[in-house]
Every structure is written in structure tokens, then in C-alpha cells.
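Text of the file start.txt, holding compact mmCIF, C-alpha atoms:
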```txt
# COMPACT_ATOMS: atom_id res chain seq x y z
CA MET A 1 -7.03 36.61 -19.52
CA LYS A 2 -8.86 33.51 -20.66
CA ALA A 3 -7.37 30.06 -20.80
CA ARG A 4 -8.57 26.61 -21.74
CA VAL A 5 -7.31 23.47 -20.05
CA THR A 6 -7.97 20.16 -21.75
CA VAL A 7 -7.62 16.98 -19.72
CA THR A 8 -7.48 13.64 -21.50
CA LEU A 9 -6.86 10.06 -20.45
CA LYS A 10 -3.35 8.77 -20.99
CA THR A 11 -2.75 6.26 -23.75
CA GLY A 12 -3.29 2.74 -22.47
CA VAL A 13 -5.78 3.77 -19.78
CA LEU A 14 -9.11 2.07 -20.44
CA ASP A 15 -11.92 4.54 -21.21
CA PRO A 16 -15.25 2.70 -20.86
CA GLN A 17 -17.20 5.94 -21.42
CA GLY A 18 -15.38 6.60 -24.69
CA LYS A 19 -16.13 3.01 -25.72
CA ALA A 20 -19.84 3.48 -24.96
CA ILE A 21 -19.91 6.69 -27.02
CA GLU A 22 -18.15 4.83 -29.83
CA GLY A 23 -20.95 2.25 -29.68
CA GLY A 24 -23.56 5.02 -29.70
CA LEU A 25 -22.07 6.56 -32.82
CA ALA A 26 -22.03 3.18 -34.55
CA ALA A 27 -25.69 2.69 -33.56
CA LEU A 28 -26.51 6.01 -35.23
CA GLY A 29 -24.92 4.75 -38.41
CA PHE A 30 -21.71 6.78 -38.35
CA ALA A 31 -19.24 4.55 -40.14
CA GLY A 32 -15.48 4.75 -39.99
CA VAL A 33 -15.08 5.82 -36.36
CA ASP A 34 -11.96 4.01 -35.19
CA SER A 35 -11.94 5.22 -31.61
CA VAL A 36 -13.43 7.78 -29.20
CA ARG A 37 -11.71 8.97 -26.02
CA GLN A 38 -13.62 11.19 -23.60
CA GLY A 39 -11.94 14.10 -21.82
CA LYS A 40 -12.70 17.30 -19.93
CA VAL A 41 -12.40 20.98 -20.80
CA PHE A 42 -11.98 23.76 -18.20
CA ASP A 43 -12.40 27.39 -19.26
CA VAL A 44 -10.55 29.48 -16.71
CA GLU A 45 -10.58 33.26 -16.41
CA LEU A 46 -7.52 34.73 -14.73
CA ASN A 47 -6.77 38.27 -13.71
CA ALA A 48 -3.11 37.80 -14.69
CA THR A 49 -1.72 39.98 -17.46
CA ASP A 50 1.45 38.02 -18.12
CA ALA A 51 0.85 34.91 -20.23
CA GLY A 52 3.95 33.18 -18.88
CA ALA A 53 2.88 33.64 -15.28
CA ALA A 54 -0.65 32.53 -16.14
CA ARG A 55 0.64 29.38 -17.78
CA ALA A 56 2.85 28.57 -14.79
CA SER A 57 -0.07 29.06 -12.45
CA LEU A 58 -2.35 26.86 -14.61
CA GLU A 59 0.29 24.12 -14.70
CA ASP A 60 0.34 24.17 -10.92
CA MET A 61 -3.48 23.94 -10.87
CA CYS A 62 -3.38 20.96 -13.23
CA GLU A 63 -0.76 19.14 -11.19
CA LYS A 64 -2.57 19.75 -7.90
CA LEU A 65 -6.23 19.39 -8.83
CA LEU A 66 -7.53 19.70 -12.40
CA ALA A 67 -5.85 16.53 -13.64
CA ASN A 68 -5.00 13.26 -11.94
CA THR A 69 -1.60 12.67 -13.52
CA VAL A 70 -1.73 8.97 -12.66
CA ILE A 71 -4.28 8.52 -15.43
CA GLU A 72 -4.60 11.86 -17.22
CA ASN A 73 -2.60 14.28 -19.39
CA TYR A 74 -3.35 17.98 -19.64
CA ALA A 75 -2.84 20.71 -22.22
CA ILE A 76 -3.01 24.45 -21.54
CA GLU A 77 -4.05 27.01 -24.11
CA ILE A 78 -3.95 30.76 -23.42
CA LEU A 79 -6.79 32.25 -25.44
CA MET B 1 -8.74 1.85 20.84
CA LYS B 2 -9.76 5.41 20.00
CA SER B 3 -10.91 6.30 16.54
CA ALA B 4 -12.15 9.24 14.48
CA VAL B 5 -14.39 9.30 11.40
CA ILE B 6 -13.99 12.26 9.06
CA VAL B 7 -17.25 13.62 7.69
CA PHE B 8 -17.32 15.41 4.33
CA PRO B 9 -20.29 17.04 2.62
CA GLY B 10 -21.84 14.05 0.87
CA SER B 11 -20.42 11.34 3.13
CA ASN B 12 -23.12 8.75 3.80
CA ARG B 13 -21.43 5.71 5.38
CA ASP B 14 -19.95 7.59 8.32
CA HIS B 15 -22.68 6.25 10.62
CA ASP B 16 -22.16 2.72 9.30
CA ILE B 17 -18.45 2.89 10.12
CA ALA B 18 -19.21 4.39 13.53
CA HIS B 19 -21.67 1.57 14.22
CA ALA B 20 -19.14 -1.08 13.21
CA LEU B 21 -16.43 0.47 15.38
CA LYS B 22 -18.79 0.74 18.34
CA THR B 23 -19.99 -2.84 17.84
CA VAL B 24 -16.50 -4.27 17.74
CA THR B 25 -14.53 -2.01 20.10
CA GLY B 26 -17.29 -0.86 22.43
CA GLN B 27 -16.24 2.75 21.91
CA ASP B 28 -17.90 5.43 19.83
CA PRO B 29 -15.56 7.11 17.36
CA VAL B 30 -15.14 10.89 17.36
CA SER B 31 -16.75 12.60 14.40
CA VAL B 32 -14.46 15.17 12.73
CA TRP B 33 -15.68 17.74 10.19
CA HIS B 34 -13.72 18.08 6.93
CA ALA B 35 -13.13 21.80 7.50
CA ASP B 36 -11.32 21.18 10.79
CA THR B 37 -7.56 21.35 10.67
CA ALA B 38 -6.57 19.15 13.61
CA LEU B 39 -7.32 15.56 14.61
CA PRO B 40 -8.18 14.46 18.14
CA ASP B 41 -5.80 12.08 19.93
CA VAL B 42 -6.84 8.79 18.34
CA ASP B 43 -5.32 5.51 17.13
CA LEU B 44 -7.31 5.19 13.91
CA VAL B 45 -8.73 7.65 11.38
CA VAL B 46 -11.42 6.49 8.96
CA LEU B 47 -12.39 8.16 5.69
CA PRO B 48 -15.92 6.85 5.08
CA GLY B 49 -17.88 6.00 1.97
CA GLY B 50 -20.32 8.27 0.21
CA PHE B 51 -20.28 10.83 -2.55
CA SER B 52 -18.24 13.71 -1.15
CA TYR B 53 -18.83 16.88 -3.16
CA GLY B 54 -21.17 14.94 -5.43
CA ASP B 55 -18.17 13.18 -7.01
CA TYR B 56 -17.51 16.45 -8.88
CA LEU B 57 -14.33 16.59 -10.97
CA ARG B 58 -13.29 13.05 -9.96
CA SER B 59 -14.54 10.88 -7.09
CA GLY B 60 -12.73 11.94 -3.92
CA ALA B 61 -10.75 14.69 -5.68
CA ILE B 62 -12.16 17.69 -3.85
CA ALA B 63 -12.33 15.91 -0.49
CA ALA B 64 -8.66 14.96 -0.84
CA ARG B 65 -7.84 18.70 -0.78
CA ALA B 66 -10.08 19.50 2.22
CA PRO B 67 -8.44 21.30 5.18
CA ILE B 68 -8.44 18.20 7.44
CA MET B 69 -6.49 16.15 4.89
CA ARG B 70 -3.19 17.80 5.77
CA ALA B 71 -3.60 16.51 9.32
CA VAL B 72 -4.60 13.07 7.98
CA ALA B 73 -1.43 12.96 5.84
CA GLU B 74 0.71 13.84 8.88
CA PHE B 75 -1.16 11.25 10.96
CA ALA B 76 -0.42 8.59 8.30
CA ALA B 77 3.22 9.70 8.00
CA SER B 78 3.64 9.17 11.74
CA GLY B 79 2.77 5.49 11.21
CA ARG B 80 -0.69 5.60 12.74
CA LEU B 81 -3.64 3.83 11.11
CA VAL B 82 -5.79 5.29 8.35
CA LEU B 83 -8.62 3.31 6.76
CA GLY B 84 -10.42 4.54 3.63
CA VAL B 85 -13.51 2.69 2.47
CA CYS B 86 -15.07 3.25 -0.97
CA ASN B 87 -15.12 7.05 -1.36
CA GLY B 88 -12.44 7.05 1.36
CA PHE B 89 -10.23 4.83 -0.83
CA GLN B 90 -10.78 7.25 -3.72
CA MET B 91 -9.72 10.13 -1.45
CA LEU B 92 -6.56 8.30 -0.36
CA THR B 93 -5.44 7.79 -3.96
CA GLU B 94 -6.35 11.37 -4.87
CA ALA B 95 -4.39 12.62 -1.85
CA GLY B 96 -1.36 10.57 -2.88
CA LEU B 97 -1.45 8.50 0.32
CA LEU B 98 -2.01 5.39 -1.79
CA PRO B 99 -0.79 4.85 -5.37
CA GLY B 100 -2.97 4.43 -8.46
CA ALA B 101 -6.45 5.71 -9.24
CA LEU B 102 -10.06 4.54 -9.15
CA MET B 103 -11.81 4.91 -12.45
CA ARG B 104 -15.34 4.43 -13.77
CA ASN B 105 -16.47 0.78 -13.53
CA LYS B 106 -15.72 -1.14 -16.68
CA GLY B 107 -19.41 -1.97 -17.16
CA LEU B 108 -20.30 1.74 -16.67
CA THR B 109 -23.05 0.93 -14.18
CA PHE B 110 -23.25 1.55 -10.46
CA VAL B 111 -22.75 -1.84 -8.82
CA CYS B 112 -24.53 -2.52 -5.51
CA ARG B 113 -24.38 -6.13 -4.36
CA GLU B 114 -22.40 -8.60 -2.36
CA VAL B 115 -19.05 -9.93 -3.59
CA LEU B 116 -16.52 -12.48 -2.42
CA LEU B 117 -13.13 -11.16 -1.40
CA GLU B 118 -9.92 -13.10 -1.14
CA THR B 119 -7.43 -12.01 1.50
CA VAL B 120 -4.01 -11.65 -0.06
CA SER B 121 -1.87 -10.00 2.61
CA THR B 122 -2.24 -10.75 6.30
CA ASP B 123 0.81 -8.72 7.21
CA SER B 124 -0.88 -5.53 8.41
CA PRO B 125 -2.83 -4.30 11.43
CA PHE B 126 -5.97 -4.38 9.27
CA THR B 127 -5.62 -7.97 8.08
CA ARG B 128 -3.81 -9.77 10.91
CA ASN B 129 -6.91 -11.80 11.91
CA PHE B 130 -7.36 -13.16 8.39
CA ALA B 131 -5.59 -16.15 6.90
CA LYS B 132 -3.97 -15.87 3.50
CA GLY B 133 -6.45 -17.07 0.87
CA ASP B 134 -9.49 -16.60 3.12
CA VAL B 135 -12.57 -15.94 1.02
CA TRP B 136 -15.24 -13.82 2.70
CA ARG B 137 -18.45 -12.02 1.85
CA CYS B 138 -18.54 -8.25 1.61
CA PRO B 139 -21.02 -5.73 0.15
CA ILE B 140 -19.98 -3.25 -2.53
CA ALA B 141 -21.75 -0.09 -3.74
CA HIS B 142 -19.81 2.06 -6.17
CA HIS B 143 -19.61 3.59 -9.62
CA ASP B 144 -15.88 4.32 -9.66
CA GLY B 145 -14.16 1.27 -8.27
CA ASN B 146 -12.07 0.24 -11.23
CA TYR B 147 -8.57 0.31 -9.75
CA PHE B 148 -5.78 1.30 -12.11
CA ALA B 149 -2.04 1.64 -11.61
CA ASN B 150 0.79 1.68 -14.10
CA ALA B 151 2.89 -1.46 -14.61
CA ASP B 152 5.72 -0.36 -12.29
CA THR B 153 3.38 0.56 -9.45
CA LEU B 154 1.42 -2.64 -9.89
CA ALA B 155 4.58 -4.77 -9.78
CA ARG B 156 5.70 -2.95 -6.64
CA LEU B 157 2.32 -3.54 -4.95
CA GLU B 158 2.27 -7.21 -5.88
CA ASP B 159 5.94 -7.89 -5.06
CA THR B 160 5.87 -6.27 -1.64
CA GLY B 161 2.63 -7.80 -0.33
CA ARG B 162 0.64 -4.60 -0.53
CA VAL B 163 -2.44 -6.03 -2.21
CA ALA B 164 -4.67 -6.62 0.82
CA PHE B 165 -7.78 -7.99 -0.89
CA ARG B 166 -8.78 -9.20 -4.33
CA TYR B 167 -12.20 -9.93 -5.77
CA ALA B 168 -12.43 -13.73 -5.78
CA ARG B 169 -11.52 -15.47 -9.02
CA ASP B 170 -13.80 -14.64 -11.97
CA THR B 171 -15.99 -12.28 -9.92
CA ASN B 172 -14.33 -8.92 -10.64
CA PRO B 173 -17.31 -6.50 -10.55
CA ASN B 174 -15.65 -3.38 -11.95
CA GLY B 175 -12.66 -4.18 -14.15
CA SER B 176 -10.03 -3.50 -11.48
CA ILE B 177 -6.56 -4.38 -12.63
CA ASN B 178 -5.37 -7.71 -11.12
CA ASP B 179 -8.83 -7.97 -9.44
CA ILE B 180 -7.61 -5.53 -6.78
CA ALA B 181 -10.20 -4.59 -4.13
CA GLY B 182 -7.92 -3.08 -1.49
CA ILE B 183 -4.30 -2.01 -1.10
CA LEU B 184 -1.88 -0.99 1.64
CA ASN B 185 0.68 1.78 1.70
CA GLU B 186 4.38 1.02 2.03
CA GLY B 187 4.27 1.09 5.83
CA GLY B 188 1.17 -1.11 6.01
CA ASN B 189 -0.58 1.52 8.15
CA VAL B 190 -2.89 2.91 5.45
CA LEU B 191 -5.54 0.65 3.88
CA GLY B 192 -7.88 1.65 1.08
CA MET B 193 -10.63 -0.70 -0.09
CA MET B 194 -13.74 -0.37 -2.25
CA PRO B 195 -15.94 -2.97 -0.46
CA HIS B 196 -17.80 -2.09 2.75
CA PRO B 197 -16.82 -4.41 5.63
CA GLU B 198 -18.72 -2.06 7.99
CA ASN B 199 -21.98 -3.23 6.43
CA LEU B 200 -21.52 -6.85 7.47
CA VAL B 201 -20.67 -6.82 11.16
CA GLU B 202 -23.78 -8.30 12.78
CA ARG B 203 -26.41 -10.93 12.03
CA LEU B 204 -29.08 -8.29 11.46
CA GLN B 205 -27.07 -7.16 8.43
CA GLY B 206 -27.03 -10.69 7.06
CA GLY B 207 -23.67 -11.80 8.34
CA THR B 208 -20.55 -10.94 10.27
CA ASP B 209 -17.80 -11.48 7.71
CA GLY B 210 -16.72 -7.83 7.88
CA ARG B 211 -16.10 -7.95 11.63
CA ARG B 212 -12.70 -9.51 11.24
CA LEU B 213 -11.26 -6.36 9.73
CA PHE B 214 -12.32 -4.27 12.72
CA GLU B 215 -11.29 -7.03 15.14
CA SER B 216 -7.87 -7.06 13.47
CA ILE B 217 -7.46 -3.34 14.08
CA ALA B 218 -8.72 -3.55 17.66
CA GLY B 219 -6.50 -6.58 18.27
CA ALA B 220 -3.46 -4.74 16.98
CA PHE B 221 -3.91 -2.24 19.78
CA ALA B 222 -4.76 -4.83 22.41
CA ALA B 223 -1.56 -6.67 21.50
CA ALA B 224 0.59 -3.54 21.54
```

Represent the structure contained in this file as C-alpha cells.
Amino acid sequence: MKARVTVTLKTGVLDPQGKAIEGGLAALGFAGVDSVRQGKVFDVELNATDAGAARASLEDMCEKLLANTVIENYAIEIL
Amino acid sequence: MKSAVIVFPGSNRDHDIAHALKTVTGQDPVSVWHADTALPDVDLVVLPGGFSYGDYLRSGAIAARAPIMRAVAEFAASGRLVLGVCNGFQMLTEAGLLPGALMRNKGLTFVCREVLLETVSTDSPFTRNFAKGDVWRCPIAHHDGNYFANADTLARLEDTGRVAFRYARDTNPNGSINDIAGILNEGGNVLGMMPHPENLVERLQGGTDGRRLFESIAGAFAAA
């Protein structure tokens, strides 16, 4: 089973890298970009067959390692 | 005073810390490998600076889950002293032994220079030889030193005297919230700080301002 975990910074947490990318886009002439926030994507392959169990396991992985919940949110997608 | 320095793959200030401890206490610390599961009988454990695991995922994130860290957490819970410098501070927040997180520097660049620190709390074994408001020189060298904590955590740190050091007024090098350079845990026995006091302990290094931190720790044991 394949899953995708997306980790993003929480609202209100400063993202200097996102800001720099925003500046880069403006420098390239892309108009109308209000904001860019940078995040991370993890593609995980699991040998589980039950989607519910896989999701529970991925949540545990996010809480314990993949995300730092002080500053980040995560979303899990079973593909 | 007996001490141990934990060495992770990618640690690079472990020898600097060992040198500072030897210089101040006269005793060599024990070096402990990250894959070990038990600590020797010591009074102080130090998590040194460096780039453990190449800063993969998040700085200090993988090291914080290393086998030895369970023993470090138990050591801290028993009230004994744990010091985390730079990457060690990042590990302590990642391990949940200190609140908050250390994020990419606001200016995005790696900052390697000397800063001025202001001592905020003198009520800990690490800071007992300082006077409140003391301003002292200390080197920094980091990319992810931008301390962040949510409003509740920040208020708790400030209200209970757990901010140990701040970057001196108008000199914040990394965007840290409230200019925070180092914080204590609730019991005052765990200190995490981004600057490197171990790199300013003798005249050959350009000054001795960092000595006081190690003298504080040594003094805490001499007094006990």
C-alpha cells in the first residue's frame, strides 16, 4: 500500500524559506502570488493491507518523527 | 564532578566541550556513543554541537530518537544535569525535554560569529555564577537557531524564570522569539542554548567569557 504524508508549517509560524521563494517568483516576473509556504512530502510504502491500520500507523509515525507538532501540521493520504 | 559527552554521527563540537570541561574541572569527560543504551555514573550529560545525521528531516530530529536518548531522558527526569549546546539544544527540543522548536534562521544564512548574551536567569546550576543582566561574549555557529514557541509556552518560560540567556538588545542574529538564546526546563536541571560557551574558555580562544557556565556547574557540585 502506498501513502503520502504532507507536512506543512502551522499558521502563524514564520517561514523564511517560503518568503525567499516568494521573492524568487516575483523576481521571475510571476505577478499575483500572495504567499508561498514551504512543506515536505513523504511517500511511504507499507506492507499493510488494511487502510485503517495503515492510517493509524502513519499517524503514529507523524506524531513521533515525521512532523514536529510544535510547528508543523500533517496530512495523510492513502493512495 | 563527573561528566559524559554523547557522540552522534555528525557531532563535531564534542572535543570542544570535552576540552572546556577538562580545563575547568580538571577531569576528562566520558565519551558515550549514541547507540549505547546506558549512561555511566556521572553528574552531567552534555549533548554537543554539530550536524548529527546531516540535519536530515529536521536538525536534531533523528538524534533525539537515538537509543541513548531514553537513558538521557531518565537521567534528566531524575533531576541530574543535562546541557545541550547548539545541535544539542535542537535535540533537547526534538526529544521533548525542552519546549519549543529551533527553526531556520530568519535571514536564511548560516551565522558564524561572536554575539553578546545577556544573562536572564541566575537561578540554576548552570547560571549560578552569573549576575542577572550580565552581558558576555559568546561565539555562535548555526543555521537553525531561530527559537519558536507558542504564546502559552513563551509566557510560561518568561513568567517562571526559565529564559536563561537572551541575545543582547538589538543583536538577535537569527530571529529567535523574545531574543531567546537559551532556556531551562521546569526543574532547572536541563539547559539548552544555541551559543557555544565551550569555545571561549581560555585566552588562546580569544577570551574566557564562556568559563563561567562551566564554573557554575562545577561549583554546584562543590557546594553540594

(request) Rank nothing, just name the residue among B:Gly182, B:Thr23, B:Phe130, B:Asp159 nearest to Leu92 (chain B), using all atoms listed in the file. (result)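 Using all atoms listed in the file, Leu92 (chain B) sits closest to B:Gly182.
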
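For the residues B:Val111, B:Leu83, B:Ile62, B:Ala149, ranking by smallest atom-to-atom distance to Leu66 (chain A) using all atoms listed in the file places B:Ile62 first.
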
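If you measure from each of B:Gly84, B:Gly26, B:Gly161, B:Gly175 to chain A using all atoms listed in the file, the closest one turns out to be B:Gly175.
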
Residues of chain B at most 9 Å from chain A: nearest atom pair and distance in Å, all atoms listed in the file, as CSV:
```
residue,atom,partner,partner_atom,distance
B:Leu57,CA,A:Leu66,CA,7.6
B:Arg58,CA,A:Asn68,CA,8.5
B:Ala61,CA,A:Leu65,CA,7.2
B:Ile62,CA,A:Leu65,CA,7.9
B:Arg65,CA,A:Leu65,CA,8.2
B:Glu94,CA,A:Asn68,CA,7.4
B:Pro99,CA,A:Val70,CA,8.4
B:Gly100,CA,A:Val70,CA,6.3
B:Ala101,CA,A:Val70,CA,6.7
B:Met103,CA,A:Asp15,CA,8.8
B:Arg104,CA,A:Pro16,CA,7.3
B:Asn105,CA,A:Pro16,CA,7.7
B:Lys106,CA,A:Pro16,CA,5.7
B:Gly107,CA,A:Pro16,CA,7.3
B:Leu108,CA,A:Pro16,CA,6.6
B:Phe148,CA,A:Val13,CA,8.1
B:Ala149,CA,A:Val70,CA,7.4
B:Asn150,CA,A:Val70,CA,7.8
```

(message) Considering only C-alpha atoms, can you say which of B:Arg113, B:His196, B:His142, B:Lys132 comes closest to Val163 (chain B)?
(response)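 Closest to Val163 (chain B) of all the choices is B:Lys132.
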
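When the distance limit is 9 Å and all atoms listed in the file are what count, the residues near Thr127 (chain B), minus those fewer than 4 positions from it on the same chain, are Thr119, Ser121, Thr122, Asp123, Ala131, Ala164, Arg212, Leu213, Phe214, Ser216 and Ile217 of chain B.
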
(message) Which residues are close to region 49-59 of chain A, i.e. within 8 Å by all atoms listed in the file, leaving aside same-chain residues fewer than 4 positions away? Reply as a list in words.
(response)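 What passes the distance filter is Met1, Glu63, Ile76 and Ile78 of chain A.
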
(message) Using only C-alpha atoms, list the residues that have an atom at most 10 Å from (-7.6, -14.2, -9.4), coordinates as in the file, as a list in words.
(response)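 Protein and nucleic acid residues near the point are Glu118, Arg166, Tyr167, Ala168, Arg169, Asp170, Thr171, Asn172, Asn178, Asp179 and Ile180 of chain B.
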
(message) Could you tell me how far CA of Arg211 (chain B) sits from CA of Asn129 (chain B), in Å to one decimal place?
(response) 10.0 Å

Distance query Gly192 (chain B) at most 9 Å, all atoms listed in the file, self and fewer than 5 positions along chain excluded, as an mmCIF file with C-alpha atoms, keeping the file's coordinate frame:
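Everything below was put into out_4.cif:
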```
data_model
loop_
_atom_site.group_PDB
_atom_site.id
_atom_site.type_symbol
_atom_site.label_atom_id
_atom_site.label_comp_id
_atom_site.auth_asym_id
_atom_site.auth_seq_id
_atom_site.Cartn_x
_atom_site.Cartn_y
_atom_site.Cartn_z
ATOM 1 C CA VAL B 82 -5.790 5.290 8.350
ATOM 2 C CA LEU B 83 -8.620 3.310 6.760
ATOM 3 C CA GLY B 84 -10.420 4.540 3.630
ATOM 4 C CA VAL B 85 -13.510 2.690 2.470
ATOM 5 C CA CYS B 86 -15.070 3.250 -0.970
ATOM 6 C CA GLY B 88 -12.440 7.050 1.360
ATOM 7 C CA PHE B 89 -10.230 4.830 -0.830
ATOM 8 C CA GLN B 90 -10.780 7.250 -3.720
ATOM 9 C CA LEU B 92 -6.560 8.300 -0.360
ATOM 10 C CA THR B 93 -5.440 7.790 -3.960
ATOM 11 C CA LEU B 98 -2.010 5.390 -1.790
ATOM 12 C CA ALA B 164 -4.670 -6.620 0.820
ATOM 13 C CA ALA B 181 -10.200 -4.590 -4.130
ATOM 14 C CA GLY B 182 -7.920 -3.080 -1.490
ATOM 15 C CA ILE B 183 -4.300 -2.010 -1.100
ATOM 16 C CA LEU B 184 -1.880 -0.990 1.640
ATOM 17 C CA ASN B 185 0.680 1.780 1.700
#
```

Can I get region 60-77 of chain A with N, CA, C and O atoms filled in, as a CSV table (one decimal), in the coordinates of the input?
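Done, and the output landed in part06.csv:
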```csv
chain,number,residue,atom,x,y,z
A,60,ASP,N,0.4,24.5,-12.3
A,60,ASP,CA,0.3,24.2,-10.9
A,60,ASP,C,-1.1,23.7,-10.6
A,60,ASP,O,-1.2,22.7,-9.9
A,61,MET,N,-2.1,24.4,-11.1
A,61,MET,CA,-3.5,23.9,-10.9
A,61,MET,C,-3.7,22.6,-11.4
A,61,MET,O,-4.4,21.7,-10.8
A,62,CYS,N,-3.2,22.3,-12.6
A,62,CYS,CA,-3.4,21.0,-13.2
A,62,CYS,C,-2.7,19.9,-12.4
A,62,CYS,O,-3.3,18.8,-12.1
A,63,GLU,N,-1.5,20.1,-12.0
A,63,GLU,CA,-0.8,19.1,-11.2
A,63,GLU,C,-1.4,18.9,-9.9
A,63,GLU,O,-1.4,17.7,-9.4
A,64,LYS,N,-2.0,19.9,-9.3
A,64,LYS,CA,-2.6,19.8,-7.9
A,64,LYS,C,-4.0,19.4,-7.9
A,64,LYS,O,-4.5,18.9,-6.9
A,65,LEU,N,-4.8,19.7,-8.9
A,65,LEU,CA,-6.2,19.4,-8.8
A,65,LEU,C,-6.9,19.0,-10.2
A,65,LEU,O,-7.6,18.0,-10.2
A,66,LEU,N,-6.7,19.9,-11.2
A,66,LEU,CA,-7.5,19.7,-12.4
A,66,LEU,C,-7.3,18.4,-13.1
A,66,LEU,O,-8.3,17.8,-13.6
A,67,ALA,N,-6.1,17.8,-13.0
A,67,ALA,CA,-5.8,16.5,-13.6
A,67,ALA,C,-5.3,15.6,-12.6
A,67,ALA,O,-4.7,16.0,-11.6
A,68,ASN,N,-5.6,14.3,-12.8
A,68,ASN,CA,-5.0,13.3,-11.9
A,68,ASN,C,-3.9,12.7,-12.8
A,68,ASN,O,-4.2,11.9,-13.7
A,69,THR,N,-2.7,13.0,-12.6
A,69,THR,CA,-1.6,12.7,-13.5
A,69,THR,C,-1.2,11.2,-13.5
A,69,THR,O,-0.4,10.7,-14.3
A,70,VAL,N,-1.9,10.4,-12.6
A,70,VAL,CA,-1.7,9.0,-12.7
A,70,VAL,C,-2.4,8.4,-13.9
A,70,VAL,O,-1.9,7.5,-14.6
A,71,ILE,N,-3.5,9.0,-14.3
A,71,ILE,CA,-4.3,8.5,-15.4
A,71,ILE,C,-4.5,9.5,-16.5
A,71,ILE,O,-5.0,9.2,-17.6
A,72,GLU,N,-4.2,10.8,-16.3
A,72,GLU,CA,-4.6,11.9,-17.2
A,72,GLU,C,-3.4,12.7,-17.7
A,72,GLU,O,-2.5,13.0,-16.9
A,73,ASN,N,-3.5,13.2,-18.9
A,73,ASN,CA,-2.6,14.3,-19.4
A,73,ASN,C,-3.4,15.6,-19.5
A,73,ASN,O,-4.6,15.6,-19.5
A,74,TYR,N,-2.7,16.7,-19.5
A,74,TYR,CA,-3.4,18.0,-19.6
A,74,TYR,C,-2.6,18.9,-20.7
A,74,TYR,O,-1.4,18.7,-20.9
A,75,ALA,N,-3.4,19.7,-21.3
A,75,ALA,CA,-2.8,20.7,-22.2
A,75,ALA,C,-3.4,22.1,-21.9
A,75,ALA,O,-4.6,22.2,-21.6
A,76,ILE,N,-2.6,23.1,-21.9
A,76,ILE,CA,-3.0,24.4,-21.5
A,76,ILE,C,-2.9,25.3,-22.8
A,76,ILE,O,-1.9,25.3,-23.5
A,77,GLU,N,-4.0,26.1,-23.0
A,77,GLU,CA,-4.0,27.0,-24.1
A,77,GLU,C,-4.4,28.4,-23.6
A,77,GLU,O,-5.5,28.5,-22.9
```
